[in-house]
>>> print(open('data.txt').read())   # compact mmCIF, N, CA and C atoms
# COMPACT_ATOMS: atom_id res chain seq x y z
N MET A 1 -22.35 -11.92 -8.54
CA MET A 1 -21.67 -11.70 -7.29
C MET A 1 -21.63 -10.18 -7.03
N THR A 2 -21.99 -9.79 -5.84
CA THR A 2 -21.95 -8.37 -5.49
C THR A 2 -20.50 -7.94 -5.27
N ASP A 3 -20.27 -6.64 -5.28
CA ASP A 3 -18.91 -6.15 -5.03
C ASP A 3 -18.39 -6.56 -3.65
N PRO A 4 -19.19 -6.46 -2.58
CA PRO A 4 -18.69 -6.92 -1.28
C PRO A 4 -18.36 -8.42 -1.28
N GLU A 5 -19.16 -9.22 -1.95
CA GLU A 5 -18.88 -10.66 -2.04
C GLU A 5 -17.60 -10.90 -2.84
N LEU A 6 -17.43 -10.17 -3.92
CA LEU A 6 -16.24 -10.30 -4.74
C LEU A 6 -15.00 -9.91 -3.95
N ARG A 7 -15.10 -8.81 -3.23
CA ARG A 7 -13.98 -8.35 -2.39
C ARG A 7 -13.61 -9.42 -1.38
N HIS A 8 -14.61 -9.96 -0.70
CA HIS A 8 -14.38 -11.01 0.29
C HIS A 8 -13.70 -12.22 -0.36
N HIS A 9 -14.19 -12.62 -1.51
CA HIS A 9 -13.63 -13.78 -2.20
C HIS A 9 -12.17 -13.53 -2.58
N ILE A 10 -11.85 -12.34 -3.07
CA ILE A 10 -10.47 -12.00 -3.43
C ILE A 10 -9.57 -12.04 -2.20
N LEU A 11 -10.02 -11.46 -1.11
CA LEU A 11 -9.19 -11.42 0.11
C LEU A 11 -9.00 -12.80 0.73
N VAL A 12 -10.02 -13.64 0.68
CA VAL A 12 -9.88 -15.01 1.18
C VAL A 12 -8.87 -15.78 0.32
N THR A 13 -8.94 -15.56 -0.98
CA THR A 13 -7.99 -16.21 -1.89
C THR A 13 -6.57 -15.73 -1.61
N ALA A 14 -6.40 -14.45 -1.36
CA ALA A 14 -5.08 -13.92 -1.02
C ALA A 14 -4.56 -14.55 0.27
N SER A 15 -5.44 -14.69 1.24
CA SER A 15 -5.07 -15.33 2.49
C SER A 15 -4.63 -16.78 2.26
N ASP A 16 -5.33 -17.48 1.38
CA ASP A 16 -4.94 -18.84 1.02
C ASP A 16 -3.54 -18.87 0.41
N LEU A 17 -3.23 -17.86 -0.39
CA LEU A 17 -1.91 -17.80 -1.02
C LEU A 17 -0.79 -17.64 0.00
N VAL A 18 -1.07 -16.98 1.10
CA VAL A 18 -0.08 -16.86 2.17
C VAL A 18 0.25 -18.26 2.70
N GLY A 19 -0.77 -19.04 2.98
CA GLY A 19 -0.56 -20.40 3.44
C GLY A 19 0.20 -21.23 2.42
N GLU A 20 -0.12 -21.03 1.16
CA GLU A 20 0.59 -21.73 0.09
C GLU A 20 2.07 -21.36 0.10
N PHE A 21 2.37 -20.07 0.19
CA PHE A 21 3.75 -19.61 0.18
C PHE A 21 4.53 -20.11 1.40
N VAL A 22 3.91 -19.99 2.57
CA VAL A 22 4.62 -20.29 3.81
C VAL A 22 4.71 -21.79 4.09
N TRP A 23 3.65 -22.54 3.77
CA TRP A 23 3.63 -23.95 4.17
C TRP A 23 3.57 -24.93 3.01
N TYR A 24 2.52 -24.88 2.23
CA TYR A 24 2.25 -25.94 1.27
C TYR A 24 3.28 -26.02 0.15
N ALA A 25 3.71 -24.90 -0.38
CA ALA A 25 4.73 -24.90 -1.44
C ALA A 25 6.10 -25.29 -0.89
N ARG A 26 6.27 -25.21 0.40
CA ARG A 26 7.55 -25.54 1.03
C ARG A 26 7.68 -27.03 1.33
N LYS A 27 6.57 -27.78 1.29
CA LYS A 27 6.58 -29.20 1.67
C LYS A 27 7.66 -30.00 0.96
N ASN A 28 7.73 -29.86 -0.34
CA ASN A 28 8.69 -30.64 -1.12
C ASN A 28 9.80 -29.78 -1.71
N ASP A 29 9.96 -28.58 -1.17
CA ASP A 29 10.98 -27.66 -1.67
C ASP A 29 12.29 -27.94 -0.93
N GLU A 30 13.22 -28.53 -1.63
CA GLU A 30 14.51 -28.86 -1.00
C GLU A 30 15.36 -27.62 -0.77
N ASP A 31 15.16 -26.58 -1.59
CA ASP A 31 15.96 -25.37 -1.45
C ASP A 31 15.45 -24.44 -0.35
N LEU A 32 14.13 -24.44 -0.14
CA LEU A 32 13.56 -23.52 0.85
C LEU A 32 12.39 -24.19 1.57
N PRO A 33 12.68 -25.16 2.43
CA PRO A 33 11.60 -25.76 3.21
C PRO A 33 11.06 -24.76 4.24
N ALA A 34 9.88 -25.05 4.76
CA ALA A 34 9.19 -24.13 5.67
C ALA A 34 10.04 -23.75 6.88
N ASP A 35 10.76 -24.70 7.44
CA ASP A 35 11.55 -24.39 8.64
C ASP A 35 12.72 -23.45 8.31
N VAL A 36 13.29 -23.57 7.12
CA VAL A 36 14.37 -22.67 6.72
C VAL A 36 13.83 -21.26 6.50
N LEU A 37 12.66 -21.16 5.85
CA LEU A 37 12.02 -19.86 5.65
C LEU A 37 11.71 -19.22 7.00
N ALA A 38 11.10 -19.96 7.90
CA ALA A 38 10.74 -19.43 9.22
C ALA A 38 11.98 -19.00 9.99
N ASP A 39 13.04 -19.79 9.92
CA ASP A 39 14.27 -19.45 10.63
C ASP A 39 14.90 -18.19 10.04
N ALA A 40 14.85 -18.04 8.71
CA ALA A 40 15.40 -16.84 8.07
C ALA A 40 14.67 -15.58 8.54
N VAL A 41 13.36 -15.69 8.68
CA VAL A 41 12.59 -14.54 9.19
C VAL A 41 12.94 -14.29 10.66
N LYS A 42 13.01 -15.35 11.44
CA LYS A 42 13.32 -15.23 12.86
C LYS A 42 14.69 -14.58 13.09
N ARG A 43 15.66 -14.94 12.25
CA ARG A 43 17.03 -14.42 12.42
C ARG A 43 17.24 -13.07 11.75
N GLY A 44 16.23 -12.58 11.03
CA GLY A 44 16.35 -11.28 10.39
C GLY A 44 17.08 -11.30 9.06
N VAL A 45 17.29 -12.50 8.51
CA VAL A 45 17.90 -12.60 7.19
C VAL A 45 17.00 -11.93 6.17
N VAL A 46 15.71 -12.12 6.35
CA VAL A 46 14.68 -11.47 5.54
C VAL A 46 13.55 -11.10 6.50
N THR A 47 12.86 -10.02 6.22
CA THR A 47 11.76 -9.62 7.10
C THR A 47 10.42 -9.87 6.41
N VAL A 48 9.38 -9.89 7.21
CA VAL A 48 8.04 -9.98 6.65
C VAL A 48 7.83 -8.79 5.71
N GLU A 49 8.33 -7.63 6.09
CA GLU A 49 8.19 -6.45 5.25
C GLU A 49 8.87 -6.64 3.90
N ASP A 50 10.04 -7.30 3.89
CA ASP A 50 10.72 -7.59 2.62
C ASP A 50 9.85 -8.46 1.72
N ILE A 51 9.27 -9.48 2.31
CA ILE A 51 8.44 -10.41 1.54
C ILE A 51 7.19 -9.70 1.04
N VAL A 52 6.56 -8.92 1.89
CA VAL A 52 5.37 -8.16 1.49
C VAL A 52 5.73 -7.21 0.36
N HIS A 53 6.88 -6.57 0.45
CA HIS A 53 7.32 -5.65 -0.60
C HIS A 53 7.41 -6.37 -1.95
N GLU A 54 7.94 -7.58 -1.96
CA GLU A 54 8.04 -8.34 -3.21
C GLU A 54 6.66 -8.66 -3.77
N PHE A 55 5.75 -9.08 -2.90
CA PHE A 55 4.38 -9.34 -3.35
C PHE A 55 3.73 -8.05 -3.86
N ARG A 56 3.90 -6.96 -3.13
CA ARG A 56 3.32 -5.68 -3.53
C ARG A 56 3.87 -5.25 -4.88
N SER A 57 5.17 -5.38 -5.07
CA SER A 57 5.78 -5.01 -6.36
C SER A 57 5.20 -5.84 -7.49
N GLY A 58 5.07 -7.15 -7.26
CA GLY A 58 4.50 -8.02 -8.29
C GLY A 58 3.07 -7.69 -8.61
N LEU A 59 2.28 -7.40 -7.59
CA LEU A 59 0.88 -7.03 -7.82
C LEU A 59 0.77 -5.70 -8.54
N ASN A 60 1.58 -4.73 -8.13
CA ASN A 60 1.56 -3.44 -8.82
C ASN A 60 1.94 -3.59 -10.28
N GLU A 61 2.93 -4.41 -10.55
CA GLU A 61 3.34 -4.63 -11.93
C GLU A 61 2.24 -5.33 -12.72
N ALA A 62 1.57 -6.28 -12.09
CA ALA A 62 0.50 -7.03 -12.77
C ALA A 62 -0.71 -6.16 -13.08
N PHE A 63 -1.08 -5.29 -12.13
CA PHE A 63 -2.31 -4.52 -12.28
C PHE A 63 -2.10 -3.08 -12.72
N HIS A 64 -0.91 -2.56 -12.47
CA HIS A 64 -0.59 -1.18 -12.82
C HIS A 64 0.84 -1.15 -13.37
N PRO A 65 1.05 -1.64 -14.57
CA PRO A 65 2.43 -1.79 -15.09
C PRO A 65 3.23 -0.50 -15.10
N ARG A 66 2.58 0.65 -15.09
CA ARG A 66 3.32 1.90 -15.12
C ARG A 66 3.83 2.29 -13.73
N LEU A 67 3.26 1.68 -12.68
CA LEU A 67 3.74 1.98 -11.33
C LEU A 67 5.03 1.24 -11.08
N HIS A 68 5.90 1.82 -10.32
CA HIS A 68 7.13 1.15 -9.98
C HIS A 68 7.37 1.34 -8.48
N VAL A 69 7.53 0.26 -7.77
CA VAL A 69 7.83 0.31 -6.35
C VAL A 69 9.34 0.17 -6.23
N PRO A 70 10.02 1.17 -5.68
CA PRO A 70 11.48 1.10 -5.59
C PRO A 70 11.91 -0.05 -4.68
N PRO A 71 13.04 -0.66 -4.98
CA PRO A 71 13.52 -1.76 -4.15
C PRO A 71 13.90 -1.29 -2.76
N ILE A 72 13.81 -2.18 -1.79
CA ILE A 72 14.23 -1.90 -0.43
C ILE A 72 15.75 -1.95 -0.41
N ARG A 73 16.36 -0.99 0.21
CA ARG A 73 17.84 -0.97 0.29
C ARG A 73 18.29 -1.34 1.67
>>> encode(input="data.txt", output="structure tokens")
Amino acid sequence: MTDPELRHHILVTASDLVGEFVWYARKNDEDLPADVLADAVKRGVVTVEDIVHEFRSGLNEAFHPRLHVPPIR
């Protein structure tokens, strides 16, 4: 696989994970169904930026354990 193909494959997989987080994993989640998640974002209980920050922190920790992303206050 070439680097451009690998990059494309990684980004498509990441995009799939968004769908998993927002929709598919919420199907049978009694604590956080999709409509509750969407409503929380709509009402400003949590922002897309907050969620992205959590993903970014997790990825940084996974790939660069010495990096630390400070929490959002």
>>> axis_aligned_box(input="data.txt", around="stretch 21-40 of chain A", padding_each_side="8 Å", output="AutoDock Vina command-line options")
--center_x 9.1 --center_y -23.1 --center_z 4.5 --size_x 29.7 --size_y 31.1 --size_z 28.3
>>> atom_distance(input="data.txt", atom1="atom CA of A:Arg56", atom2="atom CA of A:Leu17")
13.4 Å
>>> atom_distance(input="data.txt", atom1="atom N of A:Ala40", atom2="atom C of A:Arg26")
13.7 Å
>>> residues_around(input="data.txt", residues="stretch 35-39 of chain A", least_positions_apart="4", cutoff="8 Å", atoms="only N, CA and C atoms", output="CSV table (one decimal) with N, CA and C atoms, in the coordinates of the input")
chain,number,residue,atom,x,y,z
A,22,VAL,N,3.9,-20.0,2.6
A,22,VAL,CA,4.6,-20.3,3.8
A,22,VAL,C,4.7,-21.8,4.1
A,23,TRP,N,3.6,-22.5,3.8
A,23,TRP,CA,3.6,-24.0,4.2
A,23,TRP,C,3.6,-24.9,3.0
A,26,ARG,N,6.3,-25.2,0.4
A,26,ARG,CA,7.6,-25.5,1.0
A,26,ARG,C,7.7,-27.0,1.3
A,31,ASP,N,15.2,-26.6,-1.6
A,31,ASP,CA,16.0,-25.4,-1.4
A,31,ASP,C,15.4,-24.4,-0.4
A,43,ARG,N,15.7,-14.9,12.2
A,43,ARG,CA,17.0,-14.4,12.4
A,43,ARG,C,17.2,-13.1,11.8
A,44,GLY,N,16.2,-12.6,11.0
A,44,GLY,CA,16.4,-11.3,10.4
A,44,GLY,C,17.1,-11.3,9.1
A,45,VAL,N,17.3,-12.5,8.5
A,45,VAL,CA,17.9,-12.6,7.2
A,45,VAL,C,17.0,-11.9,6.2
A,46,VAL,N,15.7,-12.1,6.4
A,46,VAL,CA,14.7,-11.5,5.5
A,46,VAL,C,13.6,-11.1,6.5
>>> atom_distance(input="data.txt", atom1="atom CA of A:Thr13", atom2="atom C of A:Glu30")
26.0 Å
>>> closest_residue(input="data.txt", among="A:Pro33, A:Val12, A:Glu61, A:Val18", to="A:Val48", atoms="only C-alpha atoms")
A:Val18
>>> decode(input="data.txt", residues="chain A", atoms="C-alpha atoms", output="PDB file, in the first residue's frame")
ATOM      1  CA  MET A   1       0.000   0.000   0.000  1.00  0.00           C
ATOM      2  CA  THR A   2       1.392   3.408  -0.916  1.00  0.00           C
ATOM      3  CA  ASP A   3       1.532   6.202   1.642  1.00  0.00           C
ATOM      4  CA  PRO A   4      -1.329   8.129  -0.028  1.00  0.00           C
ATOM      5  CA  GLU A   5      -3.453   4.952  -0.043  1.00  0.00           C
ATOM      6  CA  LEU A   6      -2.588   4.284   3.597  1.00  0.00           C
ATOM      7  CA  ARG A   7      -3.464   7.858   4.541  1.00  0.00           C
ATOM      8  CA  HIS A   8      -6.794   7.586   2.735  1.00  0.00           C
ATOM      9  CA  HIS A   9      -7.552   4.269   4.437  1.00  0.00           C
ATOM     10  CA  ILE A  10      -6.757   5.697   7.890  1.00  0.00           C
ATOM     11  CA  LEU A  11      -8.937   8.772   7.335  1.00  0.00           C
ATOM     12  CA  VAL A  12     -11.861   6.715   6.001  1.00  0.00           C
ATOM     13  CA  THR A  13     -11.594   4.493   9.060  1.00  0.00           C
ATOM     14  CA  ALA A  14     -11.594   7.557  11.322  1.00  0.00           C
ATOM     15  CA  SER A  15     -14.694   8.810   9.544  1.00  0.00           C
ATOM     16  CA  ASP A  16     -16.349   5.441  10.163  1.00  0.00           C
ATOM     17  CA  LEU A  17     -15.537   5.797  13.853  1.00  0.00           C
ATOM     18  CA  VAL A  18     -17.474   9.063  13.969  1.00  0.00           C
ATOM     19  CA  GLY A  19     -20.555   7.234  12.726  1.00  0.00           C
ATOM     20  CA  GLU A  20     -19.930   4.510  15.264  1.00  0.00           C
ATOM     21  CA  PHE A  21     -19.683   7.032  18.112  1.00  0.00           C
ATOM     22  CA  VAL A  22     -22.661   9.147  17.069  1.00  0.00           C
ATOM     23  CA  TRP A  23     -25.087   6.500  15.809  1.00  0.00           C
ATOM     24  CA  TYR A  24     -24.248   2.812  15.901  1.00  0.00           C
ATOM     25  CA  ALA A  25     -22.834   2.570  19.433  1.00  0.00           C
ATOM     26  CA  ARG A  26     -25.824   4.571  20.662  1.00  0.00           C
ATOM     27  CA  LYS A  27     -28.435   2.108  19.292  1.00  0.00           C
ATOM     28  CA  ASN A  28     -28.587  -0.048  22.401  1.00  0.00           C
ATOM     29  CA  ASP A  29     -27.020   2.403  24.834  1.00  0.00           C
ATOM     30  CA  GLU A  30     -29.595   3.072  27.524  1.00  0.00           C
ATOM     31  CA  ASP A  31     -27.411   5.691  29.213  1.00  0.00           C
ATOM     32  CA  LEU A  32     -26.563   7.720  26.113  1.00  0.00           C
ATOM     33  CA  PRO A  33     -28.812   7.060  23.125  1.00  0.00           C
ATOM     34  CA  ALA A  34     -28.216   9.043  19.928  1.00  0.00           C
ATOM     35  CA  ASP A  35     -31.062  11.487  20.542  1.00  0.00           C
ATOM     36  CA  VAL A  36     -29.770  12.337  24.034  1.00  0.00           C
ATOM     37  CA  LEU A  37     -26.255  12.903  22.661  1.00  0.00           C
ATOM     38  CA  ALA A  38     -27.590  15.099  19.841  1.00  0.00           C
ATOM     39  CA  ASP A  39     -29.779  17.070  22.245  1.00  0.00           C
ATOM     40  CA  ALA A  40     -26.841  17.615  24.625  1.00  0.00           C
ATOM     41  CA  VAL A  41     -24.814  19.086  21.759  1.00  0.00           C
ATOM     42  CA  LYS A  42     -27.762  21.181  20.582  1.00  0.00           C
ATOM     43  CA  ARG A  43     -28.333  22.601  24.081  1.00  0.00           C
ATOM     44  CA  GLY A  44     -24.643  23.307  24.658  1.00  0.00           C
ATOM     45  CA  VAL A  45     -24.260  20.801  27.480  1.00  0.00           C
ATOM     46  CA  VAL A  46     -21.253  19.554  25.537  1.00  0.00           C
ATOM     47  CA  THR A  47     -19.769  20.957  22.345  1.00  0.00           C
ATOM     48  CA  VAL A  48     -18.341  19.273  19.289  1.00  0.00           C
ATOM     49  CA  GLU A  49     -15.069  20.907  20.308  1.00  0.00           C
ATOM     50  CA  ASP A  50     -15.267  19.195  23.729  1.00  0.00           C
ATOM     51  CA  ILE A  51     -15.761  15.818  22.089  1.00  0.00           C
ATOM     52  CA  VAL A  52     -12.968  16.426  19.569  1.00  0.00           C
ATOM     53  CA  HIS A  53     -10.688  17.452  22.435  1.00  0.00           C
ATOM     54  CA  GLU A  54     -11.306  14.107  24.161  1.00  0.00           C
ATOM     55  CA  PHE A  55     -10.545  12.195  20.975  1.00  0.00           C
ATOM     56  CA  ARG A  56      -7.445  14.325  20.354  1.00  0.00           C
ATOM     57  CA  SER A  57      -6.217  13.741  23.913  1.00  0.00           C
ATOM     58  CA  GLY A  58      -6.714   9.996  23.554  1.00  0.00           C
ATOM     59  CA  LEU A  59      -4.923   9.874  20.222  1.00  0.00           C
ATOM     60  CA  ASN A  60      -2.043  11.974  21.511  1.00  0.00           C
ATOM     61  CA  GLU A  61      -1.704   9.690  24.506  1.00  0.00           C
ATOM     62  CA  ALA A  62      -1.821   6.590  22.288  1.00  0.00           C
ATOM     63  CA  PHE A  63       0.721   7.807  19.745  1.00  0.00           C
ATOM     64  CA  HIS A  64       2.763  10.339  21.709  1.00  0.00           C
ATOM     65  CA  PRO A  65       2.537   9.388  25.399  1.00  0.00           C
ATOM     66  CA  ARG A  66       4.825  12.236  26.415  1.00  0.00           C
ATOM     67  CA  LEU A  67       2.466  14.847  24.948  1.00  0.00           C
ATOM     68  CA  HIS A  68      -0.210  16.177  27.211  1.00  0.00           C
ATOM     69  CA  VAL A  69      -3.232  18.124  26.010  1.00  0.00           C
ATOM     70  CA  PRO A  70      -4.509  20.283  28.878  1.00  0.00           C
ATOM     71  CA  PRO A  71      -8.167  19.824  29.792  1.00  0.00           C
ATOM     72  CA  ILE A  72     -10.750  22.329  28.605  1.00  0.00           C
ATOM     73  CA  ARG A  73     -11.886  24.549  31.456  1.00  0.00           C
TER      74      ARG A  73
END
